[in-house]
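Engineer: First the structure, which I've put down as structure tokens, then a few questions once you've had a look.
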There are 2 protein chains.
Amino acid sequence: MKSESMALKAYTELRRKILTIQVLPDTRLKEDFWAKKLSVSRMSIREALTRLLGEGLVLLGPKGGYFVTSVTREDFAQIRELREILELGALNLAYEKITKDQIAKLEKICESFTSMVEQGFFAGANEADLKFHETLMECSGNTKLLQTYLSSHIPLFHQQLTKKTHTENDYALTDKEHRAVLEALKNKNIELAKKNMQLHFARGTVLMNKDL
Amino acid sequence: MKSESMALKAYTELRRKILTIQVLPDTRLKEDFWAKKLSVSRMSIREALTRLLGEGLVLLGPKGGYFVTSVTREDFAQIRELREILELGALNLAYEKITKDQIAKLEKICESFTSMVEQGFFAGANEADLKFHETLMECSGNTKLLQTYLSSHIPLFHQQLTKKTHTENDYALTDKEHRAVLEALKNKNIELAKKNMQLHFARGTVLMNKDL
DNA sequence: GACTAACAATTTGTTTACAATAAAAGAATT
DNA sequence: AATTCTTTTATTGTAAACAAATTGTTAGTC
């Protein structure tokens with residue numbers, strides 16, 4: 001294959017940095033600075049930033065300039081609500097069409113989660129957590145729904161959430177809840193699956209409001 | 001800066017044209033052509049297109065170039081599902097917090113709809129239809145949910161849908177269904193409201209599959 | 001010392017120019 | 001006439017240059 005365009009490289013890199021909070025919310029993204037840092041031209045950076053603007057990952061300042069979108073406390077609560085709506089909706093679609101392979105995939109993710117927590121790899125556990133929910137969305141069989149989920153800044157939301165100092169017990173509970181949802185799904189008990197998912201979210205809400 | 005930037009002007013204009021199907025899906029958007037047409041520089045067009053790329057309203061061709069995103073039949077069905085999830089979710093949030101004013105606003109929209117259909121203003125009726133659903137989303141009190149709804153290409157979807165030759169009877173049914181949802185909402189009967197909404201969607205699905 | 005006006009620098013917005021690539025047109029060969 | 005190869009044109013990708021606006025700094029005044 002040929003080399004990808006400079007603008008795409010800049011876009012990918014900036015996006016990753018924002019999503020992993022390597023550049024903090026509300027940070028001003030100076031074109032020249034990043035052009036030098038990523039060794040591309042300023043226009044490529046500008047193009048990347050404009051694309052991210054379309055995605056809502058950066059915003060325009062009132063007097064020009066790009067800033068990393070920040071998630072306010074209000075946003076936080078709203079994203080949680082949105083996430084619940086989307087995930088419960090996905091469960092509704094998934095439960096009658098989910099395949100054995102998909103269930104196996106979900107189980108494997110759960111096992112990874114358990115093992116990583118046991119070994120103390122909490123960053124890895126968070127990754128698995130994210131993956132579990134994304135995979136569930138995939139199982140809905142609805143690409144648009146999945147896209148919407150992915151573009152709802154949920155990764156960012158999730159990262160923020162996991163910043164709140166989790167105890168080992170929190171991880172154990174998460175694990176248990178994931179498995180409860182999965183088990184209900186396996187038994188085609190949609191109502192139980194949804195209920196379990198709601199409980200999972202409810203605990204997240206409590207956790208969220210704990211330390212601010 | 002006093003007047004709005006050239007890039008913003010180009011963005012606004014191109015976006016409007018795409019959303020109102022003044023440029024057809026799959027059309028290639030040549031930078032130079034639109035630069036001349038909107039009398040801005042090519043880079044401003046490029047910036048506008050890049051932003052629209054982030055929004056998903058245009059796509060990159062395999063060999064470069066921007067193309068208006070097209071909604072396939074599959075997308076169509078998926079967007080309908082997504083829409084149902086989002087709107088039912090919104091109803092759930094709205095029913096306990098909706099204000100008298102908001103209900104009044106919805107009623108007014110319903111009346112406009114009726115009156116416009118009676119007078120044969122079907123484009124206007126479609127606008128009111130769109131407005132009804134958007135307003136309902138607003139009543140959820142969740143900005144993120146509303147944003148998601150608005151950015152799910154539902155306007156485009158709706159336009160496509162209303163292209164299917166509607167009979168006057170279809171409009172009458174739509175009117176009736178809107179009012180049924182609203183009535184249930186007014187009586188705080190959430191389950192009925194949701195059921196009515198589902199029926200509304202179900203009819204849309206039938207209509208959609210009729211003539212393709 | 002605090003305030004303000006002039007000036008310097010930084011940073012973004014815009015245009016222009018140029019290089020790289022893809023598409024189209026034409027000529028030559030069979 | 002059809003096909004391949006070459007040449008030309010069109011279009012995009014990248015970079016540099018310029019203009020406008022914002023921010024920061026210094027010097028002077030009270």
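By convention here, the chains of the structure tokens are called A, B, ... in the order presented, each chain's residues are numbered starting at 1, and ligands are numbered starting at 1 in the order presented.
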List as JSON, numbers by chain the protein and nucleic acid residues near segment 67-83 of chain B, meaning an atom at most 6 Å away when only C-alpha atoms (C1' of nucleotides) are counted, but skip any in the same chain fewer than 5 places from it.

Structural biologist: {"A": [142, 145], "B": [25, 26, 27, 28, 29, 57, 58, 59]}

Engineer: Give me, as a list in words, all polymer residues having an atom no more than 9 Å from segment 18-29 of chain C, counting only C-alpha atoms (C1' of nucleotides) and skipping those fewer than 5 positions away in the same chain.

Structural biologist: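 Residues near the query, excluding close chain neighbours: Lys63 of chain B; DT3, DT4, DC5, DT6, DT7, DT8, DT9, DA10, DT11, DT12, DG13, DT14 and DA15 of chain D.
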
Engineer: Could you jot down the atom CA of Gln102 of chain A to atom CA of Thr148 of chain A separation for me, Å, one decimal place?

Structural biologist: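 Calculated distance between atom CA of Gln102 of chain A and atom CA of Thr148 of chain A is 20.5 Å.
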
Engineer: Return chain A as a PDB file with C-alpha atoms, in the first residue's frame, after superposing it on chain B by a least-squares fit that covers all C-alpha atoms paired in order.

Structural biologist:
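Produced file part-v3.pdb, reproduced below:
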ATOM      1  CA  MET A   1     -21.178  41.391  14.690  1.00  0.00           C
ATOM      2  CA  LYS A   2     -18.329  40.767  12.345  1.00  0.00           C
ATOM      3  CA  SER A   3     -18.565  38.701   9.196  1.00  0.00           C
ATOM      4  CA  GLU A   4     -18.450  34.966   9.619  1.00  0.00           C
ATOM      5  CA  SER A   5     -15.521  33.126   8.182  1.00  0.00           C
ATOM      6  CA  MET A   6     -15.517  31.942   4.591  1.00  0.00           C
ATOM      7  CA  ALA A   7     -15.089  28.335   5.633  1.00  0.00           C
ATOM      8  CA  LEU A   8     -18.083  28.522   7.952  1.00  0.00           C
ATOM      9  CA  LYS A   9     -20.181  30.040   5.200  1.00  0.00           C
ATOM     10  CA  ALA A  10     -19.185  27.231   2.842  1.00  0.00           C
ATOM     11  CA  TYR A  11     -19.851  24.637   5.523  1.00  0.00           C
ATOM     12  CA  THR A  12     -23.295  25.960   6.329  1.00  0.00           C
ATOM     13  CA  GLU A  13     -24.257  26.193   2.704  1.00  0.00           C
ATOM     14  CA  LEU A  14     -22.998  22.774   1.671  1.00  0.00           C
ATOM     15  CA  ARG A  15     -24.539  21.161   4.710  1.00  0.00           C
ATOM     16  CA  ARG A  16     -27.894  22.686   3.925  1.00  0.00           C
ATOM     17  CA  LYS A  17     -27.704  21.595   0.333  1.00  0.00           C
ATOM     18  CA  ILE A  18     -26.884  18.025   1.294  1.00  0.00           C
ATOM     19  CA  LEU A  19     -29.569  17.802   3.948  1.00  0.00           C
ATOM     20  CA  THR A  20     -32.215  19.145   1.623  1.00  0.00           C
ATOM     21  CA  ILE A  21     -31.040  16.822  -1.141  1.00  0.00           C
ATOM     22  CA  GLN A  22     -30.203  19.712  -3.404  1.00  0.00           C
ATOM     23  CA  VAL A  23     -27.098  17.717  -4.134  1.00  0.00           C
ATOM     24  CA  LEU A  24     -27.941  14.076  -4.574  1.00  0.00           C
ATOM     25  CA  PRO A  25     -26.369  11.193  -2.669  1.00  0.00           C
ATOM     26  CA  ASP A  26     -23.192   9.765  -4.225  1.00  0.00           C
ATOM     27  CA  THR A  27     -22.552  13.007  -6.053  1.00  0.00           C
ATOM     28  CA  ARG A  28     -18.911  13.924  -6.233  1.00  0.00           C
ATOM     29  CA  LEU A  29     -18.258  17.322  -4.701  1.00  0.00           C
ATOM     30  CA  LYS A  30     -15.506  18.947  -6.709  1.00  0.00           C
ATOM     31  CA  GLU A  31     -13.616  21.508  -4.736  1.00  0.00           C
ATOM     32  CA  ASP A  32     -13.037  23.947  -7.541  1.00  0.00           C
ATOM     33  CA  PHE A  33     -16.606  23.816  -8.752  1.00  0.00           C
ATOM     34  CA  TRP A  34     -18.055  24.670  -5.367  1.00  0.00           C
ATOM     35  CA  ALA A  35     -15.389  27.246  -4.687  1.00  0.00           C
ATOM     36  CA  LYS A  36     -16.571  29.184  -7.720  1.00  0.00           C
ATOM     37  CA  LYS A  37     -20.230  28.485  -7.065  1.00  0.00           C
ATOM     38  CA  LEU A  38     -20.105  29.789  -3.511  1.00  0.00           C
ATOM     39  CA  SER A  39     -17.417  32.357  -4.341  1.00  0.00           C
ATOM     40  CA  VAL A  40     -14.987  31.286  -1.685  1.00  0.00           C
ATOM     41  CA  SER A  41     -11.502  29.866  -2.016  1.00  0.00           C
ATOM     42  CA  ARG A  42     -10.933  26.198  -2.650  1.00  0.00           C
ATOM     43  CA  MET A  43      -9.400  25.773   0.791  1.00  0.00           C
ATOM     44  CA  SER A  44     -12.566  27.017   2.435  1.00  0.00           C
ATOM     45  CA  ILE A  45     -14.528  24.405   0.530  1.00  0.00           C
ATOM     46  CA  ARG A  46     -12.008  21.785   1.512  1.00  0.00           C
ATOM     47  CA  GLU A  47     -12.332  22.812   5.132  1.00  0.00           C
ATOM     48  CA  ALA A  48     -16.111  22.632   4.918  1.00  0.00           C
ATOM     49  CA  LEU A  49     -15.967  19.198   3.322  1.00  0.00           C
ATOM     50  CA  THR A  50     -13.532  17.922   5.929  1.00  0.00           C
ATOM     51  CA  ARG A  51     -15.871  19.027   8.677  1.00  0.00           C
ATOM     52  CA  LEU A  52     -18.770  17.322   6.964  1.00  0.00           C
ATOM     53  CA  LEU A  53     -16.579  14.242   6.689  1.00  0.00           C
ATOM     54  CA  GLY A  54     -16.293  14.274  10.462  1.00  0.00           C
ATOM     55  CA  GLU A  55     -20.063  14.484  10.678  1.00  0.00           C
ATOM     56  CA  GLY A  56     -20.431  11.598   8.283  1.00  0.00           C
ATOM     57  CA  LEU A  57     -22.381  13.627   5.753  1.00  0.00           C
ATOM     58  CA  VAL A  58     -19.746  13.112   3.092  1.00  0.00           C
ATOM     59  CA  LEU A  59     -17.283  10.304   2.494  1.00  0.00           C
ATOM     60  CA  LEU A  60     -13.858   9.992   0.919  1.00  0.00           C
ATOM     61  CA  GLY A  61     -13.689   8.130  -2.345  1.00  0.00           C
ATOM     62  CA  PRO A  62     -11.121   5.323  -2.583  1.00  0.00           C
ATOM     63  CA  LYS A  63      -9.022   7.442  -4.926  1.00  0.00           C
ATOM     64  CA  GLY A  64      -9.623  10.714  -3.151  1.00  0.00           C
ATOM     65  CA  GLY A  65     -12.392  13.205  -3.577  1.00  0.00           C
ATOM     66  CA  TYR A  66     -15.468  13.836  -1.490  1.00  0.00           C
ATOM     67  CA  PHE A  67     -18.842  12.227  -2.136  1.00  0.00           C
ATOM     68  CA  VAL A  68     -22.223  12.861  -0.589  1.00  0.00           C
ATOM     69  CA  THR A  69     -23.051  10.015   1.762  1.00  0.00           C
ATOM     70  CA  SER A  70     -25.830   7.858   0.451  1.00  0.00           C
ATOM     71  CA  VAL A  71     -28.339   6.018   2.545  1.00  0.00           C
ATOM     72  CA  THR A  72     -28.630   2.416   1.420  1.00  0.00           C
ATOM     73  CA  ARG A  73     -31.755   0.376   1.954  1.00  0.00           C
ATOM     74  CA  GLU A  74     -29.974  -1.399   4.788  1.00  0.00           C
ATOM     75  CA  ASP A  75     -28.998   1.912   6.411  1.00  0.00           C
ATOM     76  CA  PHE A  76     -32.554   2.978   6.054  1.00  0.00           C
ATOM     77  CA  ALA A  77     -33.880   0.115   8.137  1.00  0.00           C
ATOM     78  CA  GLN A  78     -31.147   0.548  10.711  1.00  0.00           C
ATOM     79  CA  ILE A  79     -31.731   4.247  11.078  1.00  0.00           C
ATOM     80  CA  ARG A  80     -35.402   3.531  11.610  1.00  0.00           C
ATOM     81  CA  GLU A  81     -34.514   1.117  14.416  1.00  0.00           C
ATOM     82  CA  LEU A  82     -32.096   3.595  15.912  1.00  0.00           C
ATOM     83  CA  ARG A  83     -34.668   6.317  15.737  1.00  0.00           C
ATOM     84  CA  GLU A  84     -37.185   4.175  17.554  1.00  0.00           C
ATOM     85  CA  ILE A  85     -34.707   3.425  20.314  1.00  0.00           C
ATOM     86  CA  LEU A  86     -33.817   7.079  20.740  1.00  0.00           C
ATOM     87  CA  GLU A  87     -37.358   8.376  20.645  1.00  0.00           C
ATOM     88  CA  LEU A  88     -38.747   5.808  23.028  1.00  0.00           C
ATOM     89  CA  GLY A  89     -35.831   6.526  25.326  1.00  0.00           C
ATOM     90  CA  ALA A  90     -36.607  10.218  25.119  1.00  0.00           C
ATOM     91  CA  LEU A  91     -40.258   9.572  25.959  1.00  0.00           C
ATOM     92  CA  ASN A  92     -39.165   7.698  29.078  1.00  0.00           C
ATOM     93  CA  LEU A  93     -37.144  10.671  30.215  1.00  0.00           C
ATOM     94  CA  ALA A  94     -39.663  13.265  29.122  1.00  0.00           C
ATOM     95  CA  TYR A  95     -42.888  12.006  30.591  1.00  0.00           C
ATOM     96  CA  GLU A  96     -42.138  12.920  34.177  1.00  0.00           C
ATOM     97  CA  LYS A  97     -40.388  16.195  33.553  1.00  0.00           C
ATOM     98  CA  ILE A  98     -42.289  17.673  30.628  1.00  0.00           C
ATOM     99  CA  THR A  99     -43.661  21.164  31.280  1.00  0.00           C
ATOM    100  CA  LYS A 100     -46.980  22.732  30.353  1.00  0.00           C
ATOM    101  CA  ASP A 101     -45.164  25.020  27.942  1.00  0.00           C
ATOM    102  CA  GLN A 102     -43.585  22.122  26.157  1.00  0.00           C
ATOM    103  CA  ILE A 103     -46.901  20.348  25.821  1.00  0.00           C
ATOM    104  CA  ALA A 104     -48.402  23.556  24.472  1.00  0.00           C
ATOM    105  CA  LYS A 105     -45.579  23.783  21.961  1.00  0.00           C
ATOM    106  CA  LEU A 106     -46.192  20.239  20.794  1.00  0.00           C
ATOM    107  CA  GLU A 107     -49.911  20.892  20.481  1.00  0.00           C
ATOM    108  CA  LYS A 108     -49.244  23.943  18.415  1.00  0.00           C
ATOM    109  CA  ILE A 109     -47.057  21.920  16.073  1.00  0.00           C
ATOM    110  CA  CYS A 110     -49.849  19.378  15.710  1.00  0.00           C
ATOM    111  CA  GLU A 111     -52.278  22.128  14.842  1.00  0.00           C
ATOM    112  CA  SER A 112     -49.895  23.555  12.269  1.00  0.00           C
ATOM    113  CA  PHE A 113     -49.594  20.117  10.781  1.00  0.00           C
ATOM    114  CA  THR A 114     -53.358  19.741  10.482  1.00  0.00           C
ATOM    115  CA  SER A 115     -53.822  23.137   8.971  1.00  0.00           C
ATOM    116  CA  MET A 116     -51.045  22.703   6.444  1.00  0.00           C
ATOM    117  CA  VAL A 117     -52.359  19.359   5.278  1.00  0.00           C
ATOM    118  CA  GLU A 118     -55.837  20.898   4.902  1.00  0.00           C
ATOM    119  CA  GLN A 119     -54.403  23.636   2.740  1.00  0.00           C
ATOM    120  CA  GLY A 120     -52.335  21.196   0.720  1.00  0.00           C
ATOM    121  CA  PHE A 121     -48.944  22.451   1.929  1.00  0.00           C
ATOM    122  CA  PHE A 122     -47.272  19.086   2.136  1.00  0.00           C
ATOM    123  CA  ALA A 123     -43.698  20.289   2.291  1.00  0.00           C
ATOM    124  CA  GLY A 124     -44.722  22.401   5.250  1.00  0.00           C
ATOM    125  CA  ALA A 125     -46.443  19.431   6.809  1.00  0.00           C
ATOM    126  CA  ASN A 126     -43.272  17.392   6.528  1.00  0.00           C
ATOM    127  CA  GLU A 127     -41.396  20.172   8.238  1.00  0.00           C
ATOM    128  CA  ALA A 128     -43.897  20.154  11.063  1.00  0.00           C
ATOM    129  CA  ASP A 129     -43.606  16.374  11.293  1.00  0.00           C
ATOM    130  CA  LEU A 130     -39.851  16.639  11.704  1.00  0.00           C
ATOM    131  CA  LYS A 131     -40.289  19.425  14.209  1.00  0.00           C
ATOM    132  CA  PHE A 132     -42.698  17.373  16.277  1.00  0.00           C
ATOM    133  CA  HIS A 133     -40.186  14.600  16.764  1.00  0.00           C
ATOM    134  CA  GLU A 134     -37.303  16.961  17.411  1.00  0.00           C
ATOM    135  CA  THR A 135     -39.300  18.820  19.992  1.00  0.00           C
ATOM    136  CA  LEU A 136     -40.138  15.562  21.690  1.00  0.00           C
ATOM    137  CA  MET A 137     -36.433  14.804  21.877  1.00  0.00           C
ATOM    138  CA  GLU A 138     -35.877  18.223  23.402  1.00  0.00           C
ATOM    139  CA  CYS A 139     -38.397  17.409  26.092  1.00  0.00           C
ATOM    140  CA  SER A 140     -36.140  14.614  27.321  1.00  0.00           C
ATOM    141  CA  GLY A 141     -34.033  17.372  28.834  1.00  0.00           C
ATOM    142  CA  ASN A 142     -30.954  15.508  27.668  1.00  0.00           C
ATOM    143  CA  THR A 143     -28.793  17.563  25.345  1.00  0.00           C
ATOM    144  CA  LYS A 144     -26.520  14.686  24.419  1.00  0.00           C
ATOM    145  CA  LEU A 145     -29.476  12.582  23.455  1.00  0.00           C
ATOM    146  CA  LEU A 146     -30.830  15.394  21.323  1.00  0.00           C
ATOM    147  CA  GLN A 147     -27.462  15.914  19.670  1.00  0.00           C
ATOM    148  CA  THR A 148     -27.208  12.228  18.923  1.00  0.00           C
ATOM    149  CA  TYR A 149     -30.667  12.300  17.416  1.00  0.00           C
ATOM    150  CA  LEU A 150     -29.859  15.299  15.265  1.00  0.00           C
ATOM    151  CA  SER A 151     -26.583  13.861  14.078  1.00  0.00           C
ATOM    152  CA  SER A 152     -28.066  10.518  13.124  1.00  0.00           C
ATOM    153  CA  HIS A 153     -28.893  11.778   9.653  1.00  0.00           C
ATOM    154  CA  ILE A 154     -32.493  11.573  10.547  1.00  0.00           C
ATOM    155  CA  PRO A 155     -33.367  14.658   8.568  1.00  0.00           C
ATOM    156  CA  LEU A 156     -31.956  12.948   5.519  1.00  0.00           C
ATOM    157  CA  PHE A 157     -33.762   9.778   6.403  1.00  0.00           C
ATOM    158  CA  HIS A 158     -36.960  11.668   6.839  1.00  0.00           C
ATOM    159  CA  GLN A 159     -36.665  13.433   3.520  1.00  0.00           C
ATOM    160  CA  GLN A 160     -36.078  10.146   1.785  1.00  0.00           C
ATOM    161  CA  LEU A 161     -39.071   8.699   3.504  1.00  0.00           C
ATOM    162  CA  THR A 162     -41.346  11.530   2.542  1.00  0.00           C
ATOM    163  CA  LYS A 163     -40.323  11.121  -1.057  1.00  0.00           C
ATOM    164  CA  LYS A 164     -42.406   8.000  -1.231  1.00  0.00           C
ATOM    165  CA  THR A 165     -45.610   9.370  -2.595  1.00  0.00           C
ATOM    166  CA  HIS A 166     -47.785   9.963   0.387  1.00  0.00           C
ATOM    167  CA  THR A 167     -51.496   9.909   0.056  1.00  0.00           C
ATOM    168  CA  GLU A 168     -53.539  12.470   1.892  1.00  0.00           C
ATOM    169  CA  ASN A 169     -54.633   9.624   4.099  1.00  0.00           C
ATOM    170  CA  ASP A 170     -51.050   9.015   5.211  1.00  0.00           C
ATOM    171  CA  TYR A 171     -50.859  12.579   6.427  1.00  0.00           C
ATOM    172  CA  ALA A 172     -54.124  12.244   8.281  1.00  0.00           C
ATOM    173  CA  LEU A 173     -52.839   9.114   9.999  1.00  0.00           C
ATOM    174  CA  THR A 174     -49.570  10.772  10.921  1.00  0.00           C
ATOM    175  CA  ASP A 175     -51.494  13.619  12.448  1.00  0.00           C
ATOM    176  CA  LYS A 176     -53.683  11.265  14.436  1.00  0.00           C
ATOM    177  CA  GLU A 177     -50.716   9.278  15.702  1.00  0.00           C
ATOM    178  CA  HIS A 178     -48.824  12.352  16.787  1.00  0.00           C
ATOM    179  CA  ARG A 179     -51.824  13.508  18.730  1.00  0.00           C
ATOM    180  CA  ALA A 180     -52.275  10.096  20.293  1.00  0.00           C
ATOM    181  CA  VAL A 181     -48.700  10.145  21.594  1.00  0.00           C
ATOM    182  CA  LEU A 182     -49.113  13.651  22.876  1.00  0.00           C
ATOM    183  CA  GLU A 183     -52.398  12.895  24.595  1.00  0.00           C
ATOM    184  CA  ALA A 184     -50.915   9.902  26.427  1.00  0.00           C
ATOM    185  CA  LEU A 185     -47.944  12.008  27.430  1.00  0.00           C
ATOM    186  CA  LYS A 186     -50.228  14.687  28.771  1.00  0.00           C
ATOM    187  CA  ASN A 187     -51.962  12.098  30.935  1.00  0.00           C
ATOM    188  CA  LYS A 188     -48.588  10.842  32.138  1.00  0.00           C
ATOM    189  CA  ASN A 189     -49.463   7.462  30.708  1.00  0.00           C
ATOM    190  CA  ILE A 190     -45.984   6.528  29.588  1.00  0.00           C
ATOM    191  CA  GLU A 191     -46.781   3.005  28.522  1.00  0.00           C
ATOM    192  CA  LEU A 192     -49.558   4.156  26.226  1.00  0.00           C
ATOM    193  CA  ALA A 193     -47.381   6.936  24.865  1.00  0.00           C
ATOM    194  CA  LYS A 194     -44.655   4.464  24.012  1.00  0.00           C
ATOM    195  CA  LYS A 195     -47.110   2.056  22.489  1.00  0.00           C
ATOM    196  CA  ASN A 196     -48.593   4.774  20.324  1.00  0.00           C
ATOM    197  CA  MET A 197     -45.145   5.842  19.235  1.00  0.00           C
ATOM    198  CA  GLN A 198     -44.309   2.283  18.286  1.00  0.00           C
ATOM    199  CA  LEU A 199     -47.433   2.081  16.183  1.00  0.00           C
ATOM    200  CA  HIS A 200     -46.420   5.306  14.505  1.00  0.00           C
ATOM    201  CA  PHE A 201     -43.047   3.809  13.634  1.00  0.00           C
ATOM    202  CA  ALA A 202     -44.568   0.543  12.554  1.00  0.00           C
ATOM    203  CA  ARG A 203     -46.661   2.293   9.942  1.00  0.00           C
ATOM    204  CA  GLY A 204     -43.584   4.156   8.730  1.00  0.00           C
ATOM    205  CA  THR A 205     -41.873   0.824   8.229  1.00  0.00           C
ATOM    206  CA  VAL A 206     -44.726  -0.534   6.173  1.00  0.00           C
ATOM    207  CA  LEU A 207     -44.770   2.612   4.086  1.00  0.00           C
ATOM    208  CA  MET A 208     -41.070   2.349   3.560  1.00  0.00           C
ATOM    209  CA  ASN A 209     -41.200  -1.180   2.223  1.00  0.00           C
ATOM    210  CA  LYS A 210     -44.114  -0.493  -0.048  1.00  0.00           C
ATOM    211  CA  ASP A 211     -42.547   1.005  -3.117  1.00  0.00           C
ATOM    212  CA  LEU A 212     -38.852   0.609  -3.597  1.00  0.00           C
TER     213      LEU A 212
END

Engineer: Just list as a ChimeraX atom specification whatever in segment 32-138 of chain A DSSP marks as alpha helix (DSSP H).

Structural biologist: /A:32-37,42-55,73-94,100-119,122-138

Engineer: I'd like to know which residues of segment 13-158 of chain A are strand (DSSP E or B) (by DSSP, run on the backbone); could you write them as a ChimeraX atom specification?

Structural biologist: /A:28-29,58-60,66-68

Engineer: For the residues in the current selection, export C-alpha atoms as a PDB file, in the first residue's frame.

Structural biologist:
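Just written: out_37.pdb:
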ATOM      1  CA  ARG A  28      -5.813  24.990  23.217  1.00  0.00           C
ATOM      2  CA  LEU A  29      -4.420  23.131  20.230  1.00  0.00           C
ATOM      3  CA  VAL A  58     -12.736  19.808  19.538  1.00  0.00           C
ATOM      4  CA  LEU A  59     -14.498  23.154  19.595  1.00  0.00           C
ATOM      5  CA  LEU A  60     -13.826  26.597  18.180  1.00  0.00           C
ATOM      6  CA  TYR A  66      -9.297  24.997  18.502  1.00  0.00           C
ATOM      7  CA  PHE A  67      -9.853  23.626  21.996  1.00  0.00           C
ATOM      8  CA  VAL A  68     -10.275  20.085  23.227  1.00  0.00           C
TER       9      VAL A  68
END

Engineer: I need the contact residues of chain C against chain A, so if you could list those with any atom within 12 Å, counting only C-alpha atoms (C1' of nucleotides), and return them as JSON, numbers by chain, that would help.

Structural biologist: {"C": [10, 11, 12, 13, 14, 20, 21]}

Engineer: Please, could you write that set of residues out with N, CA and C atoms (P, O5', C5', C4', C3', O3' and C1' of nucleotides) as a short mmCIF file (atom, residue, chain, number, x, y, z; two decimals), in the first residue's frame?

Structural biologist:
data_model
loop_
_atom_site.label_atom_id
_atom_site.label_comp_id
_atom_site.auth_asym_id
_atom_site.auth_seq_id
_atom_site.Cartn_x
_atom_site.Cartn_y
_atom_site.Cartn_z
P DT C 10 7.54 35.47 19.42
"O5'" DT C 10 5.96 35.33 19.18
"C5'" DT C 10 5.13 35.18 20.35
"C4'" DT C 10 3.71 34.87 19.97
"C3'" DT C 10 3.47 33.54 19.27
"O3'" DT C 10 2.48 32.88 20.02
"C1'" DT C 10 2.31 35.27 18.18
P DT C 11 2.20 31.31 19.81
"O5'" DT C 11 0.92 31.34 18.88
"C5'" DT C 11 -0.30 31.90 19.40
"C4'" DT C 11 -1.28 32.06 18.26
"C3'" DT C 11 -1.37 30.86 17.32
"O3'" DT C 11 -2.62 30.24 17.48
"C1'" DT C 11 -1.38 32.93 16.14
P DT C 12 -3.11 29.02 16.57
"O5'" DT C 12 -4.12 29.74 15.60
"C5'" DT C 12 -5.22 30.45 16.15
"C4'" DT C 12 -5.81 31.38 15.10
"C3'" DT C 12 -6.52 30.66 13.96
"O3'" DT C 12 -7.76 31.30 13.75
"C1'" DT C 12 -4.93 32.18 13.10
P DG C 13 -8.88 30.59 12.85
"O5'" DG C 13 -8.79 31.44 11.51
"C5'" DG C 13 -9.35 32.75 11.49
"C4'" DG C 13 -9.16 33.37 10.12
"C3'" DG C 13 -9.76 32.57 8.96
"O3'" DG C 13 -10.42 33.50 8.10
"C1'" DG C 13 -7.45 32.94 8.55
P DT C 14 -11.28 32.98 6.87
"O5'" DT C 14 -10.24 33.13 5.68
"C5'" DT C 14 -9.71 34.43 5.40
"C4'" DT C 14 -8.72 34.37 4.26
"C3'" DT C 14 -9.17 33.53 3.06
"O3'" DT C 14 -9.39 34.43 1.98
"C1'" DT C 14 -6.87 33.13 3.62
P DA C 20 6.56 15.63 -6.44
"O5'" DA C 20 5.14 14.92 -6.40
"C5'" DA C 20 4.47 14.80 -5.14
"C4'" DA C 20 3.15 14.08 -5.35
"C3'" DA C 20 3.24 12.80 -6.19
"O3'" DA C 20 2.40 11.83 -5.59
"C1'" DA C 20 1.66 14.27 -7.15
P DT C 21 2.49 10.31 -6.02
"O5'" DT C 21 1.03 9.99 -6.58
"C5'" DT C 21 -0.11 10.46 -5.85
"C4'" DT C 21 -1.25 10.65 -6.81
"C3'" DT C 21 -1.51 9.46 -7.75
"O3'" DT C 21 -2.71 8.86 -7.34
"C1'" DT C 21 -1.81 11.57 -8.81
#

Engineer: Using only C-alpha atoms (C1' of nucleotides), which protein or nucleic acid residues come within 10 Å of DA5 of chain C? Drop anything in the same chain fewer than 4 positions from it, and give the result as JSON, numbers by chain.

Structural biologist: {"D": [27, 28, 29]}

Engineer: Kindly give the distance, in Å, that separates atom C1' of DC18 of chain D and atom C1' of DA8 of chain C, rounded to a single decimal.

Structural biologist: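 One can read the atom C1' of DC18 of chain D to atom C1' of DA8 of chain C distance as 18.2 Å.
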